[in-house]
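S.K.: Handing over work.txt, compact mmCIF, C-alpha atoms.
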```txt
# COMPACT_ATOMS: atom_id res chain seq x y z
CA MET B 1 6.42 -11.22 41.54
CA LYS B 2 7.04 -14.53 43.33
CA ALA B 3 10.36 -14.91 41.52
CA GLU B 4 11.43 -11.43 42.53
CA GLN B 5 10.47 -12.13 46.12
CA LEU B 6 12.83 -15.09 45.95
CA GLY B 7 15.62 -12.87 44.69
CA ILE B 8 15.43 -14.10 41.11
CA PRO B 9 15.54 -11.30 38.52
CA ALA B 10 12.27 -11.46 36.60
CA PHE B 11 9.67 -9.39 34.86
CA ALA B 12 6.09 -10.11 33.94
CA ILE B 13 4.70 -9.99 30.41
CA MET B 14 1.03 -9.35 29.67
CA THR B 15 -0.76 -9.22 26.37
CA SER B 16 -2.67 -6.00 25.89
CA LYS B 17 -6.02 -7.62 26.69
CA PHE B 18 -4.89 -8.61 30.17
CA VAL B 19 -3.47 -5.31 31.34
CA SER B 20 -6.46 -4.49 33.55
CA ALA B 21 -6.38 -7.95 35.15
CA ALA B 22 -2.67 -7.58 35.90
CA GLU B 23 -3.21 -4.13 37.39
CA LEU B 24 -6.01 -5.48 39.58
CA MET B 25 -3.88 -8.40 40.76
CA SER B 26 -1.01 -6.04 41.53
CA ARG B 27 -3.33 -3.95 43.72
CA VAL B 28 -4.74 -7.06 45.41
CA LEU B 29 -1.24 -8.29 46.19
CA GLY B 30 -0.23 -4.94 47.69
CA ALA B 31 2.03 -3.89 44.82
CA GLU B 32 0.05 -1.16 43.10
CA ASN B 33 1.72 0.18 39.96
CA TYR B 34 3.87 -2.94 39.69
CA PRO B 35 5.46 -2.54 36.25
CA PHE B 36 5.23 -5.19 33.55
CA ALA B 37 5.88 -5.51 29.85
CA VAL B 38 2.95 -5.36 27.46
CA ILE B 39 2.86 -7.07 24.09
CA ASP B 40 0.21 -7.38 21.39
CA HIS B 41 -2.69 -9.78 21.72
CA PRO B 42 -3.18 -12.62 20.78
CA ILE B 43 -0.20 -14.96 20.93
CA SER B 44 -1.84 -18.22 19.88
CA SER B 45 -2.63 -17.29 16.28
CA ALA B 46 0.34 -14.98 15.70
CA SER B 47 2.57 -15.66 12.72
CA GLU B 48 6.31 -16.30 13.11
CA HIS B 49 6.91 -12.71 12.06
CA ASP B 50 4.41 -11.36 14.58
CA LEU B 51 5.83 -13.52 17.36
CA ALA B 52 9.30 -12.20 16.66
CA HIS B 53 7.93 -8.68 16.87
CA GLN B 54 6.17 -9.47 20.16
CA ALA B 55 9.40 -10.92 21.55
CA GLU B 56 11.19 -7.72 20.60
CA GLN B 57 8.47 -5.73 22.32
CA ALA B 58 8.89 -7.81 25.46
CA VAL B 59 12.67 -7.42 25.52
CA LYS B 60 12.52 -3.71 24.79
CA THR B 61 10.22 -2.97 27.70
CA GLY B 62 11.29 -5.84 29.93
CA VAL B 63 15.04 -5.30 30.12
CA PRO B 64 14.70 -1.87 31.76
CA LEU B 65 12.47 -3.54 34.35
CA LEU B 66 15.27 -5.99 35.11
CA MET B 67 17.82 -3.21 35.41
CA ARG B 68 15.82 -0.89 37.66
CA MET P 1 -19.10 -10.53 66.86
CA LEU P 2 -19.71 -9.64 63.22
CA LYS P 3 -17.18 -7.32 61.63
CA SER P 4 -18.74 -6.53 58.26
CA LYS P 5 -19.48 -2.92 57.49
CA THR P 6 -23.15 -1.92 57.70
CA TYR P 7 -25.17 0.52 55.62
CA GLU P 8 -28.51 2.21 56.18
CA LEU P 9 -30.72 2.80 53.16
CA GLU P 10 -34.23 4.15 52.78
CA ASP P 11 -36.23 1.27 51.36
CA PRO P 12 -35.91 -2.13 49.64
CA LEU P 13 -35.58 -0.59 46.19
CA ALA P 14 -32.76 1.65 47.35
CA VAL P 15 -31.04 -1.39 48.80
CA GLN P 16 -31.19 -3.22 45.49
CA GLU P 17 -29.93 -0.23 43.56
CA TYR P 18 -27.09 0.29 46.02
CA PHE P 19 -25.99 -3.31 45.73
CA HIS P 20 -26.13 -3.14 41.94
CA SER P 21 -24.22 0.14 41.87
CA ARG P 22 -21.40 -1.45 43.90
CA ARG P 23 -21.33 -4.47 41.57
CA TRP P 24 -22.14 -6.78 44.49
CA THR P 25 -24.76 -8.74 42.55
CA ASP P 26 -24.95 -11.05 39.56
CA GLY P 27 -27.55 -8.78 37.96
CA LEU P 28 -30.48 -10.38 39.76
CA PRO P 29 -32.03 -8.94 42.92
CA VAL P 30 -30.45 -10.04 46.19
CA VAL P 31 -31.75 -10.63 49.68
CA PRO P 32 -30.30 -7.76 51.75
CA PRO P 33 -28.08 -9.29 54.43
CA THR P 34 -28.71 -8.07 57.96
CA PRO P 35 -26.67 -8.80 61.08
CA GLN P 36 -29.45 -11.10 62.23
CA SER P 37 -29.71 -13.10 59.01
CA VAL P 38 -25.93 -13.44 58.75
CA GLN P 39 -25.72 -14.58 62.37
CA GLU P 40 -28.46 -17.15 61.75
CA MET P 41 -26.37 -18.66 58.96
CA LEU P 42 -23.34 -18.90 61.23
CA ASP P 43 -25.38 -20.36 64.09
CA ARG P 44 -26.79 -23.08 61.86
CA ALA P 45 -23.31 -24.10 60.76
CA ASN P 46 -21.99 -23.68 64.30
CA LEU P 47 -19.22 -21.41 63.04
CA ASP P 48 -17.68 -18.30 64.53
CA PRO P 49 -17.63 -15.31 62.20
CA GLU P 50 -13.83 -15.47 62.05
CA HIS P 51 -13.78 -19.20 61.32
CA LEU P 52 -11.40 -19.74 58.44
CA ILE P 53 -13.00 -21.69 55.59
CA GLY P 54 -9.67 -21.53 53.80
CA ILE P 55 -7.10 -19.25 52.23
CA GLU P 56 -7.12 -18.41 48.54
CA PRO P 57 -3.43 -18.98 47.80
CA VAL P 58 -2.79 -16.67 44.85
CA ARG P 59 -4.07 -13.60 46.67
CA ASN P 60 -3.33 -14.98 50.12
CA ARG P 61 -6.89 -13.99 50.98
CA ARG P 62 -8.60 -15.32 54.08
CA MET P 63 -12.08 -16.65 53.42
CA THR P 64 -14.01 -16.33 56.67
CA ALA P 65 -17.36 -17.84 57.56
CA GLU P 66 -18.87 -14.38 58.08
CA LYS P 67 -18.08 -13.24 54.56
CA LEU P 68 -19.42 -16.44 53.09
CA ALA P 69 -22.57 -16.07 55.18
CA VAL P 70 -23.18 -12.54 53.91
CA ASN P 71 -23.11 -13.77 50.33
CA ALA P 72 -25.21 -16.83 51.13
CA VAL P 73 -27.94 -14.58 52.51
CA MET P 74 -27.71 -12.40 49.41
CA ALA P 75 -28.10 -15.47 47.18
CA GLY P 76 -31.32 -16.43 48.93
CA CYS P 77 -29.97 -19.25 51.08
CA LEU P 78 -31.71 -20.39 54.22
CA PRO P 79 -29.53 -21.19 57.22
CA ASP P 80 -29.92 -24.92 56.48
CA HIS P 81 -28.23 -24.37 53.11
CA PHE P 82 -25.17 -22.67 54.55
CA PRO P 83 -23.15 -25.74 55.63
CA LEU P 84 -23.19 -26.91 52.00
CA VAL P 85 -21.99 -23.52 50.79
CA CYS P 86 -19.08 -23.69 53.23
CA GLU P 87 -18.24 -27.28 52.33
CA SER P 88 -18.36 -26.54 48.62
CA PHE P 89 -16.08 -23.56 49.00
CA SER P 90 -13.72 -25.49 51.23
CA ALA P 91 -13.47 -28.13 48.47
CA MET P 92 -12.83 -25.41 45.87
CA LEU P 93 -9.93 -24.12 47.96
CA LYS P 94 -8.14 -27.46 47.87
CA GLU P 95 -4.97 -27.27 45.79
CA PRO P 96 -6.01 -29.74 43.03
CA PHE P 97 -9.01 -27.56 42.16
CA LEU P 98 -6.80 -24.61 41.14
CA LEU P 99 -9.43 -22.05 42.04
CA HIS P 100 -7.69 -18.97 40.69
CA GLY P 101 -7.09 -20.45 37.26
CA ALA P 102 -10.56 -21.90 37.01
CA THR P 103 -12.28 -18.62 37.86
CA ALA P 104 -10.01 -16.22 35.96
CA SER P 105 -9.51 -18.10 32.68
CA THR P 106 -10.76 -16.98 29.31
CA GLY P 107 -12.12 -20.55 29.01
CA GLY P 108 -15.17 -19.45 30.94
CA CYS P 109 -16.01 -22.45 33.08
CA ALA P 110 -18.32 -22.43 36.09
CA VAL P 111 -18.16 -24.41 39.31
CA LEU P 112 -20.37 -27.48 39.08
CA VAL P 113 -21.43 -28.66 42.54
CA VAL P 114 -22.93 -32.15 42.88
CA ILE P 115 -24.67 -33.01 46.14
CA ASN P 116 -24.98 -36.56 47.46
CA GLY P 117 -26.38 -38.21 50.53
CA PRO P 118 -29.22 -37.67 53.00
CA VAL P 119 -28.86 -33.88 52.97
CA ARG P 120 -30.51 -33.81 49.53
CA GLU P 121 -33.82 -35.03 50.92
CA GLN P 122 -33.53 -32.93 54.07
CA LEU P 123 -33.22 -29.78 51.96
CA GLY P 124 -35.81 -30.75 49.35
CA MET P 125 -33.35 -31.07 46.50
CA CYS P 126 -34.57 -32.60 43.27
CA GLY P 127 -32.30 -34.56 40.96
CA THR P 128 -35.01 -35.33 38.45
CA PHE P 129 -37.05 -32.87 36.34
CA ASN P 130 -35.07 -30.00 34.84
CA VAL P 131 -32.04 -30.97 36.88
CA LEU P 132 -29.69 -28.68 34.96
CA GLY P 133 -32.08 -25.75 34.96
CA SER P 134 -32.96 -24.71 38.52
CA SER P 135 -34.82 -27.81 39.60
CA ASP P 136 -35.37 -26.69 43.19
CA ARG P 137 -34.73 -23.89 45.63
CA ALA P 138 -31.82 -25.37 47.57
CA THR P 139 -29.55 -26.25 44.66
CA THR P 140 -30.36 -22.97 42.92
CA VAL P 141 -29.42 -20.73 45.82
CA ILE P 142 -26.38 -22.77 46.87
CA GLY P 143 -24.99 -22.54 43.34
CA ARG P 144 -25.74 -18.83 43.25
CA ALA P 145 -24.02 -18.29 46.59
CA ILE P 146 -20.85 -19.85 45.17
CA ARG P 147 -20.89 -17.38 42.30
CA LEU P 148 -21.54 -14.35 44.51
CA ILE P 149 -18.70 -15.38 46.82
CA LEU P 150 -16.34 -15.63 43.85
CA CYS P 151 -17.40 -12.18 42.64
CA ASN P 152 -17.44 -10.36 45.94
CA LEU P 153 -14.60 -11.99 47.83
CA LEU P 154 -12.24 -12.94 45.03
CA ASP P 155 -12.92 -10.21 42.46
CA ALA P 156 -14.15 -12.74 39.89
CA ARG P 157 -16.50 -10.22 38.32
CA PRO P 158 -16.74 -10.10 34.55
CA GLY P 159 -13.86 -8.03 33.22
CA ASP P 160 -12.06 -7.86 36.57
CA LEU P 161 -10.46 -11.20 37.32
CA ASP P 162 -13.09 -13.23 35.50
CA ARG P 163 -11.68 -12.97 31.99
CA SER P 164 -14.16 -15.41 30.40
CA THR P 165 -14.50 -14.78 26.70
CA LEU P 166 -18.04 -16.19 26.77
CA GLY P 167 -18.77 -17.87 30.08
CA HIS P 168 -21.97 -19.90 30.18
CA PRO P 169 -25.34 -19.84 31.95
CA GLY P 170 -24.06 -22.19 34.67
CA LYS P 171 -22.20 -19.23 36.11
CA PHE P 172 -25.46 -18.02 37.66
CA SER P 173 -25.87 -21.32 39.49
CA TYR P 174 -24.52 -24.79 38.66
CA CYS P 175 -25.50 -27.03 41.54
CA ILE P 176 -27.35 -30.32 41.21
CA ALA P 177 -28.38 -33.21 43.42
CA GLU P 178 -27.83 -36.75 42.19
CA ASP P 179 -31.01 -38.82 41.89
CA GLU P 180 -29.99 -41.60 44.26
CA GLU P 181 -33.53 -42.81 44.82
CA HIS P 182 -34.22 -44.06 41.29
CA THR P 183 -31.09 -46.11 40.72
CA GLU P 184 -29.28 -49.09 42.15
CA TRP P 185 -25.92 -47.61 41.25
CA LEU P 186 -23.45 -46.32 43.78
CA SER P 187 -23.69 -42.57 44.17
CA LEU P 188 -21.02 -40.27 42.79
CA ALA P 189 -19.75 -39.66 46.33
CA GLU P 190 -19.58 -43.41 47.05
CA ASP P 191 -17.70 -43.89 43.81
CA ARG P 192 -15.24 -41.29 45.09
CA ALA P 193 -14.52 -43.09 48.37
CA MET P 194 -17.21 -41.60 50.60
CA PRO P 195 -18.96 -44.09 52.93
CA ARG P 196 -22.60 -44.94 52.16
CA GLY P 197 -24.99 -42.62 53.93
CA THR P 198 -22.55 -39.70 53.99
CA SER P 199 -23.67 -36.33 52.71
CA ALA P 200 -21.00 -34.94 50.43
CA VAL P 201 -20.21 -32.34 47.81
CA THR P 202 -18.20 -32.75 44.63
CA VAL P 203 -16.92 -29.65 42.87
CA MET P 204 -15.66 -29.53 39.31
CA ALA P 205 -14.48 -26.68 37.09
CA ALA P 206 -16.92 -27.35 34.30
CA GLY P 207 -17.89 -26.20 30.86
CA SER P 208 -21.49 -25.90 29.82
CA PRO P 209 -23.58 -29.06 29.49
CA ARG P 210 -23.71 -30.57 25.99
CA GLN P 211 -26.99 -32.41 25.58
CA ILE P 212 -27.20 -35.74 23.74
CA MET P 213 -30.20 -37.91 22.84
CA ASN P 214 -30.57 -41.55 21.91
CA GLU P 215 -33.96 -43.23 22.27
CA TRP P 216 -33.46 -45.82 19.54
CA THR P 217 -31.52 -48.53 21.28
CA THR P 218 -31.45 -50.51 24.51
CA GLU P 219 -27.82 -51.57 24.10
CA PRO P 220 -25.51 -50.03 26.71
CA GLU P 221 -22.64 -49.82 24.26
CA ALA P 222 -24.75 -47.97 21.70
CA ILE P 223 -26.05 -45.52 24.30
CA LEU P 224 -22.51 -44.85 25.47
CA ASP P 225 -21.35 -44.40 21.90
CA THR P 226 -23.58 -41.34 21.76
CA PHE P 227 -22.02 -39.91 24.93
CA VAL P 228 -18.56 -40.80 23.58
CA ALA P 229 -19.31 -39.08 20.26
CA GLU P 230 -20.10 -35.87 22.13
CA MET P 231 -16.90 -36.14 24.17
CA LYS P 232 -14.91 -36.67 20.99
CA ALA P 233 -16.62 -33.67 19.42
CA CYS P 234 -15.60 -31.63 22.44
CA MET P 235 -12.01 -32.83 22.04
CA ARG P 236 -12.04 -31.78 18.40
CA HIS P 237 -13.87 -28.49 18.76
CA TYR P 238 -12.81 -27.29 22.19
CA SER P 239 -9.92 -28.96 23.99
CA ILE P 240 -8.06 -32.16 23.23
CA TRP P 241 -6.62 -32.49 26.72
CA PRO P 242 -7.89 -35.16 29.11
CA GLY P 243 -9.55 -34.25 32.38
CA ASN P 244 -12.58 -34.83 34.54
CA TYR P 245 -15.61 -35.23 32.33
CA ALA P 246 -19.04 -35.65 33.89
CA ILE P 247 -21.87 -37.48 32.16
CA ILE P 248 -25.46 -37.26 33.31
CA ILE P 249 -27.58 -40.32 32.63
CA PRO P 250 -31.37 -40.02 32.96
CA PRO P 251 -33.73 -42.76 34.19
CA GLN P 252 -34.91 -43.84 30.73
CA LEU P 253 -31.35 -44.63 29.69
CA ARG P 254 -30.35 -45.97 33.12
CA THR P 255 -33.03 -48.62 32.80
CA HIS P 256 -31.19 -50.17 29.87
CA PHE P 257 -27.86 -50.22 31.72
CA GLU P 258 -29.35 -51.68 34.86
CA LYS P 259 -31.26 -54.38 32.96
CA ALA P 260 -28.01 -55.37 31.28
CA GLY P 261 -26.21 -55.43 34.63
CA TRP P 262 -23.93 -52.49 33.89
CA SER P 263 -22.53 -50.59 36.88
CA LYS P 264 -21.01 -47.12 36.82
CA LYS P 265 -17.61 -48.82 36.83
CA ASP P 266 -18.52 -50.64 33.62
CA ILE P 267 -19.58 -47.34 32.08
CA ARG P 268 -16.35 -45.63 33.08
CA LYS P 269 -14.29 -48.47 31.60
CA TYR P 270 -16.16 -48.36 28.27
CA VAL P 271 -15.93 -44.59 27.97
CA PHE P 272 -12.25 -44.59 28.93
CA GLU P 273 -11.50 -47.11 26.19
CA HIS P 274 -13.56 -45.43 23.47
CA ALA P 275 -13.37 -41.67 24.00
CA ARG P 276 -10.21 -41.14 21.99
CA ILE P 277 -9.28 -39.17 18.91
CA GLN P 278 -6.21 -38.76 16.79
CA ARG P 279 -4.57 -35.40 16.50
CA LYS P 280 -5.10 -35.37 12.73
CA GLU P 281 -8.87 -35.09 13.33
CA TRP P 282 -8.24 -31.46 14.19
CA ALA P 283 -7.67 -30.90 10.49
CA ASP P 284 -11.37 -31.62 9.86
CA CYS P 285 -12.47 -28.70 12.00
CA GLY P 286 -10.20 -25.85 11.05
CA LYS P 287 -7.22 -26.65 13.27
CA ALA P 288 -4.88 -28.15 10.67
CA SER P 289 -2.18 -25.63 11.56
CA VAL P 290 -1.56 -27.31 14.92
CA VAL P 291 -1.64 -30.95 13.77
CA GLY P 292 2.04 -30.83 12.84
CA SER P 293 3.86 -34.12 12.38
CA GLN P 294 1.98 -35.87 15.17
CA GLY P 295 -1.23 -36.61 13.28
CA GLU P 296 -1.32 -40.28 14.24
CA GLN P 297 -0.92 -39.55 17.94
CA GLU P 298 -3.90 -40.72 19.97
CA TYR P 299 -5.44 -38.64 22.74
CA ALA P 300 -7.82 -40.02 25.37
CA ALA P 301 -10.52 -37.91 26.98
CA LEU P 302 -9.67 -39.43 30.35
CA THR P 303 -6.25 -40.11 31.85
CA ASP P 304 -7.83 -43.01 33.70
CA GLU P 305 -11.34 -44.33 33.95
CA ASP P 306 -11.96 -42.89 37.41
CA HIS P 307 -11.70 -39.39 35.98
CA LEU P 308 -15.20 -39.84 34.56
CA LEU P 309 -17.93 -38.62 36.94
CA VAL P 310 -21.05 -40.65 36.22
CA ILE P 311 -24.14 -38.96 37.62
CA ALA P 312 -27.66 -40.37 37.75
CA ALA P 313 -30.06 -37.46 37.24
CA GLY P 314 -32.87 -36.19 35.08
CA GLY P 315 -36.62 -36.47 34.66
CA PRO P 316 -38.32 -39.85 34.28
CA ALA P 317 -39.05 -39.64 30.56
CA GLY P 318 -36.71 -38.95 27.67
CA GLY P 319 -33.48 -40.39 26.37
CA PHE P 320 -31.61 -37.13 26.98
CA GLY P 321 -28.25 -37.12 28.67
CA ALA P 322 -25.45 -34.62 29.02
CA VAL P 323 -21.71 -34.44 28.74
CA ILE P 324 -20.08 -31.81 30.93
CA PRO P 325 -16.48 -31.20 29.87
CA PRO P 326 -13.61 -30.03 32.04
CA TRP P 327 -12.46 -26.45 31.97
CA PHE P 328 -8.92 -27.18 30.79
CA GLY P 329 -7.64 -30.74 30.91
CA THR P 330 -6.20 -31.82 34.22
CA LYS P 331 -5.27 -28.30 35.32
CA SER P 332 -8.20 -28.46 37.72
CA LYS P 333 -9.32 -31.72 39.28
CA ALA P 334 -12.71 -32.50 40.79
CA VAL P 335 -12.72 -32.59 44.59
CA THR P 336 -15.16 -34.50 46.81
CA GLN P 337 -15.63 -33.74 50.50
CA ALA P 338 -17.93 -35.10 53.18
CA LEU P 339 -20.24 -32.58 54.75
CA GLY P 340 -19.19 -31.52 58.23
CA VAL P 341 -16.16 -33.78 58.48
CA CYS P 342 -12.92 -32.01 59.29
CA LEU P 343 -10.01 -34.27 58.46
CA ASP P 344 -7.54 -31.64 59.64
CA CYS P 345 -9.13 -31.24 63.07
CA GLY P 346 -7.32 -33.08 65.82
CA PRO P 347 -8.77 -33.87 69.25
CA GLN P 348 -9.29 -30.76 71.35
```
What does the file become when written as structure tokens?

M.R.:
Amino acid sequence: MKAEQLGIPAFAIMTSKFVSAAELMSRVLGAENYPFAVIDHPISSASEHDLAHQAEQAVKTGVPLLMR
Amino acid sequence: MLKSKTYELEDPLAVQEYFHSRRWTDGLPVVPPTPQSVQEMLDRANLDPEHLIGIEPVRNRRMTAEKLAVNAVMAGCLPDHFPLVCESFSAMLKEPFLLHGATASTGGCAVLVVINGPVREQLGMCGTFNVLGSSDRATTVIGRAIRLILCNLLDARPGDLDRSTLGHPGKFSYCIAEDEEHTEWLSLAEDRAMPRGTSAVTVMAAGSPRQIMNEWTTEPEAILDTFVAEMKACMRHYSIWPGNYAIIIPPQLRTHFEKAGWSKKDIRKYVFEHARIQRKEWADCGKASVVGSQGEQEYAALTDEDHLLVIAAGGPAGGFGAVIPPWFGTKSKAVTQALGVCLDCGPQ
């Protein structure tokens, strides 16, 4: 959100376990329903294959956010 | 003029149930705040309701004295406790503390508050028996007030912004007074540049205390080796990154240091030099997958010796000490502030 405020194209990525926290922060910051990409949780123990899949998830949902 | 919204409820039980239903409590009963009790807090601290304690930067949220006072009443604070609540929170809002990260992280730390100086005696604080387990009224309610403020003003309730996987019991209250009376050492606050005789608070984003015991030696090095072993265990099992560690040394062990002429500075130097592990040690505790090619690389628990907070506290008998690890390396740094001293205030 800070990057976007500075005019830098950006989108946020949350793992599925942090969706509610991101929604709450969006409300607190006055940007309710702020869209973000959601990927599987967790990252830290994901295999190379899983990480590649999560990256694809992020791009698939994130690029439309950049183009909106 | 107070601005907080008021409610009228039938009886004390209804008040408690209402507060619980709104998630305004930590699960324990609260003292219902009234305009009078909130005003008494503010009067004692000589603060206007709108006085700005600080701004939480991530949410750009103003933390006013009135809102802190409401939560201090709820926690059971007396007006005399309130200046310490304000000072502690002011310290937590300083940039190096990284309040948002420390209170939202899955790491589940709590805010350890250490009180030094004459205010301890004035408020009946006890840095001896059961020091880490509600040793006295003042430290208990001040620590609880900090938690309620985090929950009610910054949404740090479990599952909201507090994403702690486990948390620890210090989240209820994690405030202690150093036992300055039974030691010749400099106090923690003096060690952190506060003048002698100054009342001060030190705040640290802290994990749960890890208790150690060694009653079978009088050698300072051997006693410290036990503390160091616990710090190294923490680096292996929890986090390898250096940060502010606190160690609590009780009177029975302090006697051996003082007889040998060891100061807190000597202790910090020894711990800094010895609390180190190699990355390959992770392989012994299930973390081989992240050792990589850097197995011989050495990691220190402290980036420099002054990052160790040495605290004199605990009951008179027993060789029990504690290691209190940092939340997450140097992401959050301990902050010490003098009570009632405003460095930003210019002459009026």

S.K.: Could the residues of chain P that have an atom at most 12 Å from chain B be listed as JSON lines, each with its closest atom pair and the distance in Å to one decimal, counting all atoms listed in the file and ordered by chain and ascending residue number?

M.R.:
```
{"residue": "P:Glu56", "atom": "CA", "partner": "B:Leu29", "partner_atom": "CA", "distance": 11.9}
{"residue": "P:Pro57", "atom": "CA", "partner": "B:Leu29", "partner_atom": "CA", "distance": 11.0}
{"residue": "P:Val58", "atom": "CA", "partner": "B:Leu29", "partner_atom": "CA", "distance": 8.6}
{"residue": "P:Arg59", "atom": "CA", "partner": "B:Leu29", "partner_atom": "CA", "distance": 6.0}
{"residue": "P:Asn60", "atom": "CA", "partner": "B:Leu29", "partner_atom": "CA", "distance": 8.0}
{"residue": "P:Arg61", "atom": "CA", "partner": "B:Val28", "partner_atom": "CA", "distance": 9.1}
{"residue": "P:His100", "atom": "CA", "partner": "B:Met25", "partner_atom": "CA", "distance": 11.2}
{"residue": "P:Ala104", "atom": "CA", "partner": "B:Ala21", "partner_atom": "CA", "distance": 9.1}
{"residue": "P:Ser105", "atom": "CA", "partner": "B:Phe18", "partner_atom": "CA", "distance": 10.8}
{"residue": "P:Thr106", "atom": "CA", "partner": "B:Phe18", "partner_atom": "CA", "distance": 10.3}
{"residue": "P:Leu153", "atom": "CA", "partner": "B:Val28", "partner_atom": "CA", "distance": 11.3}
{"residue": "P:Leu154", "atom": "CA", "partner": "B:Val28", "partner_atom": "CA", "distance": 9.5}
{"residue": "P:Asp155", "atom": "CA", "partner": "B:Leu24", "partner_atom": "CA", "distance": 8.9}
{"residue": "P:Ala156", "atom": "CA", "partner": "B:Ala21", "partner_atom": "CA", "distance": 10.3}
{"residue": "P:Arg157", "atom": "CA", "partner": "B:Ala21", "partner_atom": "CA", "distance": 10.8}
{"residue": "P:Pro158", "atom": "CA", "partner": "B:Ala21", "partner_atom": "CA", "distance": 10.6}
{"residue": "P:Gly159", "atom": "CA", "partner": "B:Ala21", "partner_atom": "CA", "distance": 7.7}
{"residue": "P:Asp160", "atom": "CA", "partner": "B:Ala21", "partner_atom": "CA", "distance": 5.9}
{"residue": "P:Leu161", "atom": "CA", "partner": "B:Ala21", "partner_atom": "CA", "distance": 5.6}
{"residue": "P:Asp162", "atom": "CA", "partner": "B:Ala21", "partner_atom": "CA", "distance": 8.5}
{"residue": "P:Arg163", "atom": "CA", "partner": "B:Ala21", "partner_atom": "CA", "distance": 8.0}
{"residue": "P:Ser164", "atom": "CA", "partner": "B:Phe18", "partner_atom": "CA", "distance": 11.5}
{"residue": "P:Thr165", "atom": "CA", "partner": "B:Lys17", "partner_atom": "CA", "distance": 11.1}
{"residue": "P:Lys287", "atom": "CA", "partner": "B:Ser45", "partner_atom": "CA", "distance": 10.9}
{"residue": "P:Ser289", "atom": "CA", "partner": "B:Ser45", "partner_atom": "CA", "distance": 9.6}
{"residue": "P:Val290", "atom": "CA", "partner": "B:Ser45", "partner_atom": "CA", "distance": 10.2}
```

S.K.: Mind pulling up the distance from atom CA of Ala69 of chain P to atom CA of Lys3 of chain P?

M.R.: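 Interatomic distance, atom CA of Lys3 of chain P to atom CA of Ala69 of chain P: 12.1 Å.
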
S.K.: In Å, with one decimal, what is the gap from atom CA of Trp241 of chain P to atom CA of Asp266 of chain P?

M.R.: 22.8 Å

S.K.: Do a neighbour search on Asp40 of chain B at 10 Å with only C-alpha atoms, toss out local chain neighbours closer than 2 positions, and write the hits as number ranges by chain.

M.R.: B: 14-17, 38, 42-43, 46, 50-51, 53-55, 57-58

S.K.: Within 8 Å of Arg268 of chain P, counting only C-alpha atoms, which residues qualify if same-chain residues fewer than 3 places away don't, as a list in words?

M.R.: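 The contact residues come out as Lys264, Lys265, Val271, Phe272, Glu305, Asp306, Leu308 and Val310 of chain P.
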
S.K.: Nearest to Ala12 of chain B: which of B:His49, B:Glu32, B:Arg68, B:Gly62 is it, counting all atoms listed in the file?

M.R.: B:Gly62

S.K.: Just the number, please: distance in Å from atom CA of Asp284 of chain P to atom CA of Ala246 of chain P, one decimal.

M.R.: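 Going from atom CA of Asp284 of chain P over to atom CA of Ala246 of chain P covers 25.5 Å.
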
S.K.: Show which residues sit within 12 Å of Lys331 of chain P, as number ranges by chain. Count all atoms listed in the file, and ignore same-chain residues fewer than 3 positions away.

M.R.: P: 95-102, 105, 204-206, 241-244, 326-328, 334

S.K.: Could you write those residues out with C-alpha atoms, as a tab-separated table (two decimals), keeping the file's coordinate frame?

M.R.:
```
chain	number	residue	atom	x	y	z
P	95	GLU	CA	-4.97	-27.27	45.79
P	96	PRO	CA	-6.01	-29.74	43.03
P	97	PHE	CA	-9.01	-27.56	42.16
P	98	LEU	CA	-6.80	-24.61	41.14
P	99	LEU	CA	-9.43	-22.05	42.04
P	100	HIS	CA	-7.69	-18.97	40.69
P	101	GLY	CA	-7.09	-20.45	37.26
P	102	ALA	CA	-10.56	-21.90	37.01
P	105	SER	CA	-9.51	-18.10	32.68
P	204	MET	CA	-15.66	-29.53	39.31
P	205	ALA	CA	-14.48	-26.68	37.09
P	206	ALA	CA	-16.92	-27.35	34.30
P	241	TRP	CA	-6.62	-32.49	26.72
P	242	PRO	CA	-7.89	-35.16	29.11
P	243	GLY	CA	-9.55	-34.25	32.38
P	244	ASN	CA	-12.58	-34.83	34.54
P	326	PRO	CA	-13.61	-30.03	32.04
P	327	TRP	CA	-12.46	-26.45	31.97
P	328	PHE	CA	-8.92	-27.18	30.79
P	334	ALA	CA	-12.71	-32.50	40.79
```

S.K.: Using only C-alpha atoms, determine which residues lie at most 7 Å from Glu298 of chain P, disregarding the query and same-chain residues fewer than 4 positions distant; provide the list as a list in words.

M.R.: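 Once the adjacent positions are removed, what remains is Arg276, Ile277, Gln278 and Arg279 of chain P.
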
S.K.: Within 10 Å of Cys86 of chain P, counting all atoms listed in the file, which residues qualify if same-chain residues fewer than 6 places away don't, as an MDAnalysis selection string?

M.R.: chainID P and resid 45 53:54 63:65 68:69 72 92 142 145:146 339:340

S.K.: Identify which of the residues P:Gln337, P:Pro83, P:His168, P:Gly27 lies closest to Asn46 of chain P, counting all atoms listed in the file when measuring atom-to-atom distances.

M.R.: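 Ranked by minimum distance to Asn46 of chain P, first place goes to P:Pro83.
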
S.K.: Out of P:Gln252, P:Gly133, P:Gly143, P:Leu309, which residue has the shortest atom-to-atom distance to Asp191 of chain P when counting all atoms listed in the file?

M.R.: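 Under the stated criterion, the closest residue is P:Leu309.
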